[in-house]
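Asks: Following this line is start12.cif, made up of mmCIF, C-alpha atoms:
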data_target
loop_
_atom_site.label_atom_id
_atom_site.label_comp_id
_atom_site.auth_asym_id
_atom_site.auth_seq_id
_atom_site.Cartn_x
_atom_site.Cartn_y
_atom_site.Cartn_z
CA MET A 155 -20.38 -43.63 12.04
CA LYS A 156 -20.99 -47.07 10.60
CA GLN A 157 -23.34 -49.88 11.59
CA THR A 158 -21.59 -53.03 12.83
CA LYS A 159 -21.89 -55.57 15.59
CA ASN A 160 -19.98 -54.55 18.71
CA GLU A 161 -18.27 -56.81 21.24
CA ASN A 162 -21.34 -56.84 23.51
CA ASN A 163 -23.35 -58.36 20.61
CA LEU A 164 -25.61 -55.32 20.61
CA PRO A 165 -26.72 -53.90 17.27
CA SER A 166 -24.49 -50.92 16.59
CA TYR A 167 -25.93 -47.62 15.47
CA GLY A 168 -24.45 -44.58 13.81
CA GLY A 169 -25.34 -40.97 13.43
CA GLN A 170 -24.53 -37.54 12.12
CA ALA A 171 -24.68 -34.05 13.57
CA LEU A 172 -27.00 -31.61 11.81
CA ILE A 173 -27.83 -27.93 12.23
CA GLU A 174 -29.48 -27.86 15.68
CA GLY A 175 -30.22 -31.54 15.30
CA ILE A 176 -28.96 -35.10 15.10
CA LEU A 177 -29.50 -37.94 12.65
CA MET A 178 -29.52 -41.48 14.07
CA ARG A 179 -29.28 -44.45 11.74
CA GLY A 180 -30.07 -48.12 12.31
CA ARG A 181 -30.30 -51.25 10.21
CA LYS A 182 -33.82 -50.53 8.96
CA TYR A 183 -34.65 -46.93 9.85
CA VAL A 184 -33.18 -43.47 10.08
CA VAL A 185 -34.49 -40.87 12.54
CA ALA A 186 -33.62 -37.18 12.88
CA ALA A 187 -34.54 -34.89 15.77
CA PHE A 188 -34.25 -31.11 15.54
CA ARG A 189 -34.53 -28.21 17.97
CA ALA A 190 -36.94 -25.80 16.29
CA PRO A 191 -36.58 -22.00 16.74
CA ASP A 192 -39.51 -22.04 19.20
CA GLY A 193 -37.67 -24.57 21.40
CA SER A 194 -39.80 -27.58 20.50
CA ILE A 195 -38.37 -30.85 19.18
CA GLN A 196 -39.30 -31.98 15.67
CA ILE A 197 -38.78 -35.60 14.60
CA GLU A 198 -38.45 -37.00 11.09
CA GLU A 199 -38.19 -40.70 10.29
CA GLU A 200 -37.92 -42.93 7.23
CA ARG A 201 -37.23 -46.53 6.37
CA LEU A 202 -33.88 -47.20 4.72
CA GLY A 203 -33.96 -48.03 1.03
CA GLY A 204 -33.76 -51.44 -0.54
CA ILE A 205 -30.12 -50.88 -1.53
CA TYR A 206 -29.13 -52.49 1.77
CA LYS A 207 -30.80 -55.75 0.74
CA THR A 208 -28.73 -56.11 -2.41
CA LYS A 209 -25.80 -58.52 -2.69
CA LEU A 210 -23.42 -55.61 -3.24
CA ALA A 211 -24.32 -54.15 0.16
CA LYS A 212 -23.24 -57.40 1.84
CA MET A 213 -19.98 -57.98 -0.02
CA PRO A 214 -16.81 -57.02 1.86
CA PHE A 215 -15.18 -53.85 0.51
CA PHE A 216 -18.02 -53.09 -1.92
CA ARG A 217 -20.41 -52.62 1.00
CA GLY A 218 -18.27 -49.69 2.09
CA LEU A 219 -19.05 -47.76 -1.09
CA VAL A 220 -22.77 -48.50 -0.73
CA VAL A 221 -22.87 -47.29 2.87
CA LEU A 222 -20.70 -44.25 2.21
CA TRP A 223 -22.70 -43.08 -0.79
CA ASP A 224 -26.02 -43.58 0.92
CA SER A 225 -24.72 -41.92 4.09
CA MET A 226 -23.68 -38.87 2.11
CA SER A 227 -27.00 -38.61 0.30
CA LEU A 228 -29.00 -39.03 3.52
CA GLY A 229 -26.70 -36.62 5.33
CA MET A 230 -27.11 -33.97 2.64
CA LYS A 231 -30.88 -34.43 2.63
CA TYR A 232 -31.22 -34.00 6.38
CA LEU A 233 -28.68 -31.20 6.58
CA THR A 234 -30.90 -29.29 4.15
CA LEU A 235 -33.97 -30.15 6.21
CA SER A 236 -32.29 -28.95 9.41
CA ALA A 237 -31.31 -25.66 7.75
CA ASN A 238 -34.88 -25.23 6.50
CA ILE A 239 -36.28 -25.74 10.00
CA GLN A 240 -34.02 -23.02 11.40
CA SER A 241 -34.87 -20.58 8.58
CA GLU A 242 -38.52 -21.76 8.40
CA GLU A 243 -38.24 -22.28 4.64
CA GLU A 244 -39.56 -25.11 2.46
CA GLU A 245 -36.61 -25.56 0.08
CA LYS A 246 -35.67 -29.19 -0.62
CA ILE A 247 -32.68 -30.87 -2.19
CA GLU A 248 -33.71 -34.12 -3.84
CA GLY A 249 -33.49 -35.98 -7.11
CA ALA A 250 -31.10 -34.45 -9.65
CA SER A 251 -30.33 -31.47 -7.38
CA LEU A 252 -29.26 -33.79 -4.56
CA TYR A 253 -26.94 -35.83 -6.77
CA LEU A 254 -25.45 -32.72 -8.35
CA THR A 255 -24.75 -31.28 -4.91
CA LEU A 256 -23.15 -34.56 -3.85
CA LEU A 257 -20.94 -34.65 -6.94
CA ILE A 258 -19.80 -31.08 -6.32
CA SER A 259 -19.02 -31.90 -2.68
CA ILE A 260 -17.11 -35.05 -3.61
CA SER A 261 -15.19 -33.23 -6.34
CA PHE A 262 -14.20 -30.49 -3.89
CA SER A 263 -13.03 -33.06 -1.33
CA ILE A 264 -10.99 -35.02 -3.87
CA GLY A 265 -9.44 -31.82 -5.18
CA LEU A 266 -8.57 -30.55 -1.70
CA PHE A 267 -7.32 -33.76 -0.09
CA PHE A 268 -5.91 -35.72 -3.05
CA VAL A 269 -5.06 -33.45 -5.99
CA LEU A 270 -3.72 -30.44 -4.02
CA PRO A 271 -1.14 -32.48 -2.02
CA THR A 272 0.13 -33.99 -5.28
CA LEU A 273 0.54 -30.53 -6.82
CA LEU A 274 2.28 -29.17 -3.71
CA ILE A 275 4.83 -32.00 -3.55
CA ASP A 276 5.43 -31.79 -7.29
CA ALA A 277 6.17 -28.07 -6.92
CA LEU A 278 8.55 -28.83 -4.03
CA SER A 279 10.34 -31.52 -6.06
CA ARG A 280 11.26 -28.88 -8.66
CA PHE A 281 13.45 -27.18 -6.05
CA VAL A 282 14.52 -30.13 -3.90
CA GLU A 283 15.50 -33.55 -5.20
CA LEU A 284 13.10 -36.12 -3.74
CA SER A 285 13.06 -39.89 -4.07
CA GLN A 286 9.81 -41.63 -4.96
CA THR A 287 9.49 -42.76 -1.35
CA LEU A 288 9.78 -39.18 -0.09
CA ILE A 289 7.28 -38.02 -2.71
CA ASN A 290 4.72 -40.58 -1.54
CA PHE A 291 5.24 -39.85 2.15
CA GLY A 292 5.38 -36.12 1.42
CA GLU A 293 1.99 -36.32 -0.26
CA GLY A 294 0.62 -38.22 2.71
CA ALA A 295 2.03 -35.67 5.17
CA ALA A 296 0.60 -32.80 3.12
CA ARG A 297 -2.76 -34.58 2.92
CA LEU A 298 -2.82 -35.04 6.70
CA LEU A 299 -1.78 -31.44 7.35
CA ILE A 300 -4.48 -30.11 5.01
CA LEU A 301 -7.07 -32.30 6.74
CA ILE A 302 -6.09 -31.10 10.22
CA MET A 303 -5.95 -27.45 9.15
CA TYR A 304 -9.31 -27.72 7.39
CA LEU A 305 -11.04 -29.25 10.43
CA TRP A 306 -9.38 -26.72 12.75
CA LEU A 307 -10.39 -23.75 10.62
CA VAL A 308 -14.02 -24.75 10.08
CA GLY A 309 -14.29 -25.46 13.80
CA LYS A 310 -13.53 -21.79 14.49
CA SER A 311 -16.96 -20.87 13.12
CA SER A 312 -19.53 -20.49 15.90
CA ASP A 313 -22.17 -22.25 13.79
CA ILE A 314 -19.90 -25.20 13.00
CA SER A 315 -18.79 -25.34 16.62
CA ARG A 316 -22.42 -25.94 17.62
CA VAL A 317 -22.66 -28.71 15.02
CA PHE A 318 -19.54 -30.25 16.58
CA SER A 319 -21.26 -30.10 19.99
CA TYR A 320 -24.18 -32.05 18.54
CA HIS A 321 -21.58 -34.46 17.16
CA GLY A 322 -20.35 -34.94 20.72
CA ALA A 323 -23.92 -35.53 21.92
CA GLU A 324 -24.37 -38.22 19.27
CA HIS A 325 -21.17 -40.01 20.37
CA LYS A 326 -22.03 -39.84 24.06
CA THR A 327 -25.48 -41.30 23.46
CA ILE A 328 -24.19 -44.24 21.42
CA ASN A 329 -21.37 -44.83 23.93
CA ALA A 330 -23.98 -44.99 26.70
CA TYR A 331 -26.09 -47.48 24.75
CA GLU A 332 -23.09 -49.70 24.01
CA ASN A 333 -22.26 -49.72 27.72
CA ASN A 334 -25.77 -50.96 28.60
CA VAL A 335 -26.86 -48.03 30.75
CA GLU A 336 -30.24 -46.33 30.81
CA ILE A 337 -30.37 -43.65 28.12
CA ASN A 338 -31.06 -40.40 29.97
CA VAL A 339 -29.29 -37.06 30.18
CA GLU A 340 -27.57 -37.69 33.51
CA ASN A 341 -26.13 -41.02 32.38
CA VAL A 342 -25.23 -40.01 28.84
CA LYS A 343 -23.31 -36.87 29.86
CA GLN A 344 -20.78 -39.04 31.75
CA PHE A 345 -19.52 -40.79 28.62
CA PRO A 346 -16.60 -39.72 26.41
CA LEU A 347 -16.85 -37.63 23.25
CA ALA A 348 -14.82 -40.01 21.09
CA HIS A 349 -16.06 -43.14 19.35
CA ALA A 350 -14.10 -45.72 17.35
CA ARG A 351 -16.49 -45.75 14.36
CA CYS A 352 -16.61 -41.98 13.88
CA GLY A 353 -16.40 -40.56 10.36
CA THR A 354 -13.45 -38.43 11.51
CA SER A 355 -11.56 -41.65 12.24
CA PHE A 356 -12.44 -42.81 8.74
CA LEU A 357 -10.80 -39.68 7.28
CA LEU A 358 -7.52 -40.25 9.13
CA THR A 359 -7.53 -43.93 8.18
CA LEU A 360 -8.13 -42.86 4.58
CA VAL A 361 -4.98 -40.70 4.67
CA VAL A 362 -2.82 -43.50 6.12
CA ILE A 363 -4.13 -46.10 3.65
CA SER A 364 -3.54 -43.68 0.76
CA ILE A 365 0.16 -43.49 1.66
CA LEU A 366 0.48 -47.28 1.59
CA ILE A 367 -1.47 -47.79 -1.64
CA PHE A 368 0.12 -44.91 -3.56
CA SER A 369 3.55 -46.23 -2.57
CA LEU A 370 2.82 -49.35 -4.59
CA LEU A 371 2.20 -47.43 -7.81
CA GLY A 372 5.80 -46.39 -8.41
CA PRO A 373 7.11 -43.28 -10.18
CA MET A 374 5.02 -41.59 -12.87
CA PRO A 375 4.64 -38.12 -14.45
CA LEU A 376 2.48 -35.52 -12.73
CA TRP A 377 -0.61 -35.93 -14.89
CA LYS A 378 -0.63 -39.69 -14.34
CA ARG A 379 -0.16 -39.21 -10.60
CA ILE A 380 -3.17 -36.88 -10.46
CA ILE A 381 -5.36 -39.29 -12.45
CA SER A 382 -4.23 -42.26 -10.33
CA ARG A 383 -5.05 -40.36 -7.12
CA ILE A 384 -8.57 -39.66 -8.35
CA LEU A 385 -9.21 -43.19 -9.67
CA MET A 386 -7.88 -44.82 -6.50
CA VAL A 387 -10.20 -42.92 -4.14
CA PRO A 388 -12.96 -45.61 -4.26
CA ILE A 389 -10.45 -48.40 -3.55
CA ILE A 390 -8.87 -46.48 -0.66
CA SER A 391 -12.34 -45.76 0.71
CA MET A 392 -13.32 -49.44 0.59
CA VAL A 393 -10.16 -50.55 2.40
CA SER A 394 -10.53 -47.77 4.99
CA TYR A 395 -14.16 -48.70 5.67
CA GLU A 396 -13.28 -52.34 6.31
CA LEU A 397 -10.44 -51.35 8.65
CA ILE A 398 -12.64 -48.97 10.64
CA LYS A 399 -15.34 -51.65 10.79
CA TRP A 400 -12.85 -54.19 12.10
CA MET A 401 -11.44 -51.82 14.71
CA GLY A 402 -14.96 -50.96 15.85
CA ASP A 403 -15.72 -54.67 16.30
CA HIS A 404 -12.57 -55.16 18.40
CA SER A 405 -12.35 -51.82 20.21
CA SER A 406 -11.43 -53.37 23.57
CA ASN A 407 -8.38 -55.18 22.17
CA VAL A 408 -5.13 -53.64 23.47
CA LEU A 409 -3.49 -53.57 20.03
CA VAL A 410 -6.59 -52.07 18.41
CA LYS A 411 -6.74 -49.42 21.14
CA SER A 412 -3.15 -48.45 20.36
CA ILE A 413 -3.83 -48.26 16.63
CA SER A 414 -7.03 -46.28 17.23
CA TYR A 415 -5.48 -43.62 19.46
CA PRO A 416 -4.62 -41.17 16.61
CA ASN A 417 -8.19 -41.57 15.29
CA LEU A 418 -9.64 -40.75 18.70
CA TRP A 419 -7.26 -37.79 19.07
CA LEU A 420 -8.37 -36.31 15.74
CA GLN A 421 -11.96 -36.33 16.98
CA LYS A 422 -10.97 -33.55 19.39
CA LEU A 423 -11.19 -31.30 16.33
CA THR A 424 -14.72 -32.38 15.37
CA THR A 425 -16.44 -32.83 18.74
CA ARG A 426 -17.30 -30.38 21.51
CA GLU A 427 -18.86 -30.92 24.93
CA PRO A 428 -22.65 -30.73 24.39
CA SER A 429 -25.18 -28.92 26.56
CA GLU A 430 -28.02 -30.83 28.20
CA ASP A 431 -30.54 -29.61 25.63
CA MET A 432 -28.29 -31.02 22.87
CA LEU A 433 -28.13 -34.35 24.70
CA GLU A 434 -31.91 -34.27 24.86
CA ILE A 435 -32.05 -34.05 21.06
CA ALA A 436 -29.64 -36.98 20.66
CA ILE A 437 -31.55 -39.10 23.18
CA THR A 438 -34.90 -38.29 21.56
CA ALA A 439 -33.64 -39.35 18.12
CA PHE A 440 -31.96 -42.49 19.47
CA ASN A 441 -34.91 -43.68 21.57
CA LYS A 442 -37.25 -43.19 18.61
CA LEU A 443 -34.86 -45.18 16.42
CA LEU A 444 -34.71 -48.02 18.95
CA LYS A 445 -38.50 -48.12 19.08
CA LEU A 446 -38.74 -48.41 15.29
CA GLU A 447 -35.92 -50.93 15.00
CA ASN A 448 -37.41 -53.19 17.67
CA ALA A 449 -41.02 -52.91 16.56
#
Written as C-alpha cells, how would this file's structure read?
Replies:
Amino acid sequence: MKQTKNENNLPSYGGQALIEGILMRGRKYVVAAFRAPDGSIQIEEERLGGIYKTKLAKMPFFRGLVVLWDSMSLGMKYLTLSANIQSEEEEKIEGASLYLTLLISISFSIGLFFVLPTLLIDALSRFVELSQTLINFGEGAARLLILIMYLWLVGKSSDISRVFSYHGAEHKTINAYENNVEINVENVKQFPLAHARCGTSFLLTLVVISILIFSLLGPMPLWKRIISRILMVPIISMVSYELIKWMGDHSSNVLVKSISYPNLWLQKLTTREPSEDMLEIAITAFNKLLKLENA
C-alpha cells in the first residue's frame, strides 16, 4: 500500500504482511510488530532513508519507481527478520545479498507475468491466425489468468494463508484509522478487508495498463516483443502507481468506485479474515508508528 493524502486530509499510511507480523510504513518511519514463538510481541522500528527527500522521489511517475524499489527492499528485509524470529535464527539479508535477492525476485516476476504470456500467445498464433489486436489482448488475458492462478495457488498454503490473514488485519487497521475511529480490536474488526491502495490492486492495474501500452507498439517479431515487454515494465509500473495513487485519493467518487471494483475483488485472493491476536499485532505496529510520526 502506498502513502498518499486521503479525502479526509489525514496522512495515509501503508503496510505489508509478514510472517506472524505486520510492517507499517509512514512518511518518516517504518515499524514492524511480530508475534514471537513464546507469544510475546516484538517491535522493530527505523527511520526511512534520505531517498524520500530527493527531487526524484517527488516527481510524478518517477516517484513510483522510488517507492516501489524501496518498498521491495524494506519488505524483503523485514520478511527475513520475521522468518528469523519464528526460527530463532540470526541470519540477515542486507547489502549485496539483499540486492541480489531482489533482482532474482524481480526477474522471476517479469519472466512469469510478462515473458511467459508472450511466449504462450506466440505459440498459439502458430496454430491460429491472430491479428495484432488479438495478440495484444491475448497476452493481457494470459497475464491476468497467470496472476489469478498464481495468487490462488500460493493462497492454498497454510503458511501463506496466515500471511494473508495478517494482510487483512493491516487493511482493517488502516481502514479504521481513515474512518476516524478509536484504534482498538473491537472497532478495527468491523472494517472491511479490502483497501483501494493495496499492492494487489497495483498488480491488476499493471496488467490493464500493459494491455493499453503494448497495443501502441504495433507488430514485431517474437524476440523484439520479449525485449519490449521487459524494457517497458518500469514505464508501466510508473503509470500504474500514479493511477492507484489517484484512485486512492478519490476513493469515495462514484466513478472511481466503479473502476476500483475489480481491484477490490482481486484482494479476496490475498486477504483472509484475521483473528483478534493478529489484529493486536497490526494495532501495535500502527499505534507505534503514529507515535513516532507525530513526535
Asks: Give me, as a list in words, all polymer residues having an atom no more than 9 Å from stretch 403-419 of chain A, counting all atoms listed in the file and skipping those fewer than 2 positions away in the same chain.
Replies: Thr158, Lys159, Asn160, Glu161, Ala348, His349, Ala350, Cys352, Thr354, Ser355, Phe356, Leu357, Leu358, Thr359, Ile398, Lys399, Trp400, Met401, Gln421, Lys422 and Leu423 of chain A
Asks: Distance atom CA of A:Ala237-atom CA of A:Gly309, one decimal place?
Replies: 18.1 Å
Asks: Could you state which residues are captured by the PyMOL selection byres ((chain A and resi 194) around 12) in this file, as a short mmCIF file (atom, residue, chain, number, x, y, z; two decimals) with C-alpha atoms, keeping the file's coordinate frame?
Replies:
data_model
loop_
_atom_site.label_atom_id
_atom_site.label_comp_id
_atom_site.auth_asym_id
_atom_site.auth_seq_id
_atom_site.Cartn_x
_atom_site.Cartn_y
_atom_site.Cartn_z
CA GLU A 174 -29.48 -27.86 15.68
CA GLY A 175 -30.22 -31.54 15.30
CA ALA A 187 -34.54 -34.89 15.77
CA PHE A 188 -34.25 -31.11 15.54
CA ARG A 189 -34.53 -28.21 17.97
CA ALA A 190 -36.94 -25.80 16.29
CA PRO A 191 -36.58 -22.00 16.74
CA ASP A 192 -39.51 -22.04 19.20
CA GLY A 193 -37.67 -24.57 21.40
CA ILE A 195 -38.37 -30.85 19.18
CA GLN A 196 -39.30 -31.98 15.67
CA ILE A 197 -38.78 -35.60 14.60
CA ILE A 239 -36.28 -25.74 10.00
CA GLN A 240 -34.02 -23.02 11.40
CA ASP A 431 -30.54 -29.61 25.63
CA GLU A 434 -31.91 -34.27 24.86
CA ILE A 435 -32.05 -34.05 21.06
CA THR A 438 -34.90 -38.29 21.56
#
Asks: Which residues come within 12 Å of A:Gly203, counting all atoms listed in the file, excluding same-chain residues fewer than 4 positions away, as a ChimeraX atom specification?
Replies: /A:180-184,207-208,211,220-221,224-225,227-228
Asks: List as JSON, numbers by chain the protein and nucleic acid residues near stretch 310-315 of chain A, meaning an atom at most 9 Å away when all atoms listed in the file are counted, but skip any in the same chain fewer than 6 places from it.
Replies: {"A": [173, 424, 425, 426]}
Asks: Written as a list of chain:residue names, which residues does the PyMOL selection byres ((chain A and resi 234) around 9) give for the file shown?
Replies: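 Answer for the PyMOL selection byres ((chain A and resi 234) around 9): A:Leu172, A:Ile173, A:Gly229, A:Met230, A:Lys231, A:Tyr232, A:Leu233, A:Leu235, A:Ser236, A:Ala237, A:Asn238, A:Ile239, A:Glu245, A:Lys246, A:Ile247.
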Asks: Which residues come within 10 Å of A:Ile389, counting all atoms listed in the file, excluding same-chain residues fewer than 2 positions away, as a PyMOL selection string?
Replies: chain A and resi 215-216+218-219+363-364+367+385-387+391-395
Asks: Work out how far atom CA of A:Gly353 is from atom CA of A:Met226, in Å to one decimal.
Replies: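 About the pair atom CA of A:Met226 and atom CA of A:Gly353: they are 11.1 Å apart.
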Asks: Determine the nearest neighbour of A:Thr287 from the options A:Ile384, A:Leu360, A:Ile365, A:Ile176, counting all atoms listed in the file.
Replies: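 Closest to A:Thr287, using all atoms listed in the file: A:Ile365.
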Asks: Might I get the box with edges along x, y and z of the file that holds all atoms of stretch 221-240 of chain A listed there, padded by 3 Å on every side, given as centre and edge lengths in Å to one decimal, as JSON?
Replies:
{"center_x": -28.5, "center_y": -35.2, "center_z": 5.3, "size_x": 21.6, "size_y": 30.3, "size_z": 18.2}
Asks: Set the distance at 12 Å and use only C-alpha atoms: which residues neighbour A:Leu288 once local chain neighbours fewer than 4 positions away are removed? I'd like the list as JSON, numbers by chain.
Replies: {"A": [275, 276, 278, 279, 282, 283, 284, 292, 293, 294, 295, 296, 365, 368, 369, 372, 373]}
Asks: Separation of atom CA of A:Leu301 and atom CA of A:Ser263, in Å?
Replies: 10.1 Å
Asks: Output the residue selection produced by the PyMOL selection byres ((chain A and resi 437) around 12) on the file above, formatted as a VMD selection string.
Replies: chain A and resid 169 175 to 178 185 to 188 195 197 320 323 to 331 336 to 343 430 to 436 438 to 444
Asks: Could you tell me which of A:Leu366, A:Arg351, A:Leu420, A:Ile390 comes closest to A:Gln170 if we count all atoms listed in the file?
Replies: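 Of A:Leu366, A:Arg351, A:Leu420, A:Ile390, the one nearest A:Gln170, counting all atoms listed in the file, is A:Arg351.
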Asks: Using all atoms listed in the file for the distances, tell me which of A:Ile289, A:Arg383, A:Trp377, A:Gly168 is nearest to A:Phe267.
Replies: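 Of all the options, A:Arg383 lies closest to A:Phe267.
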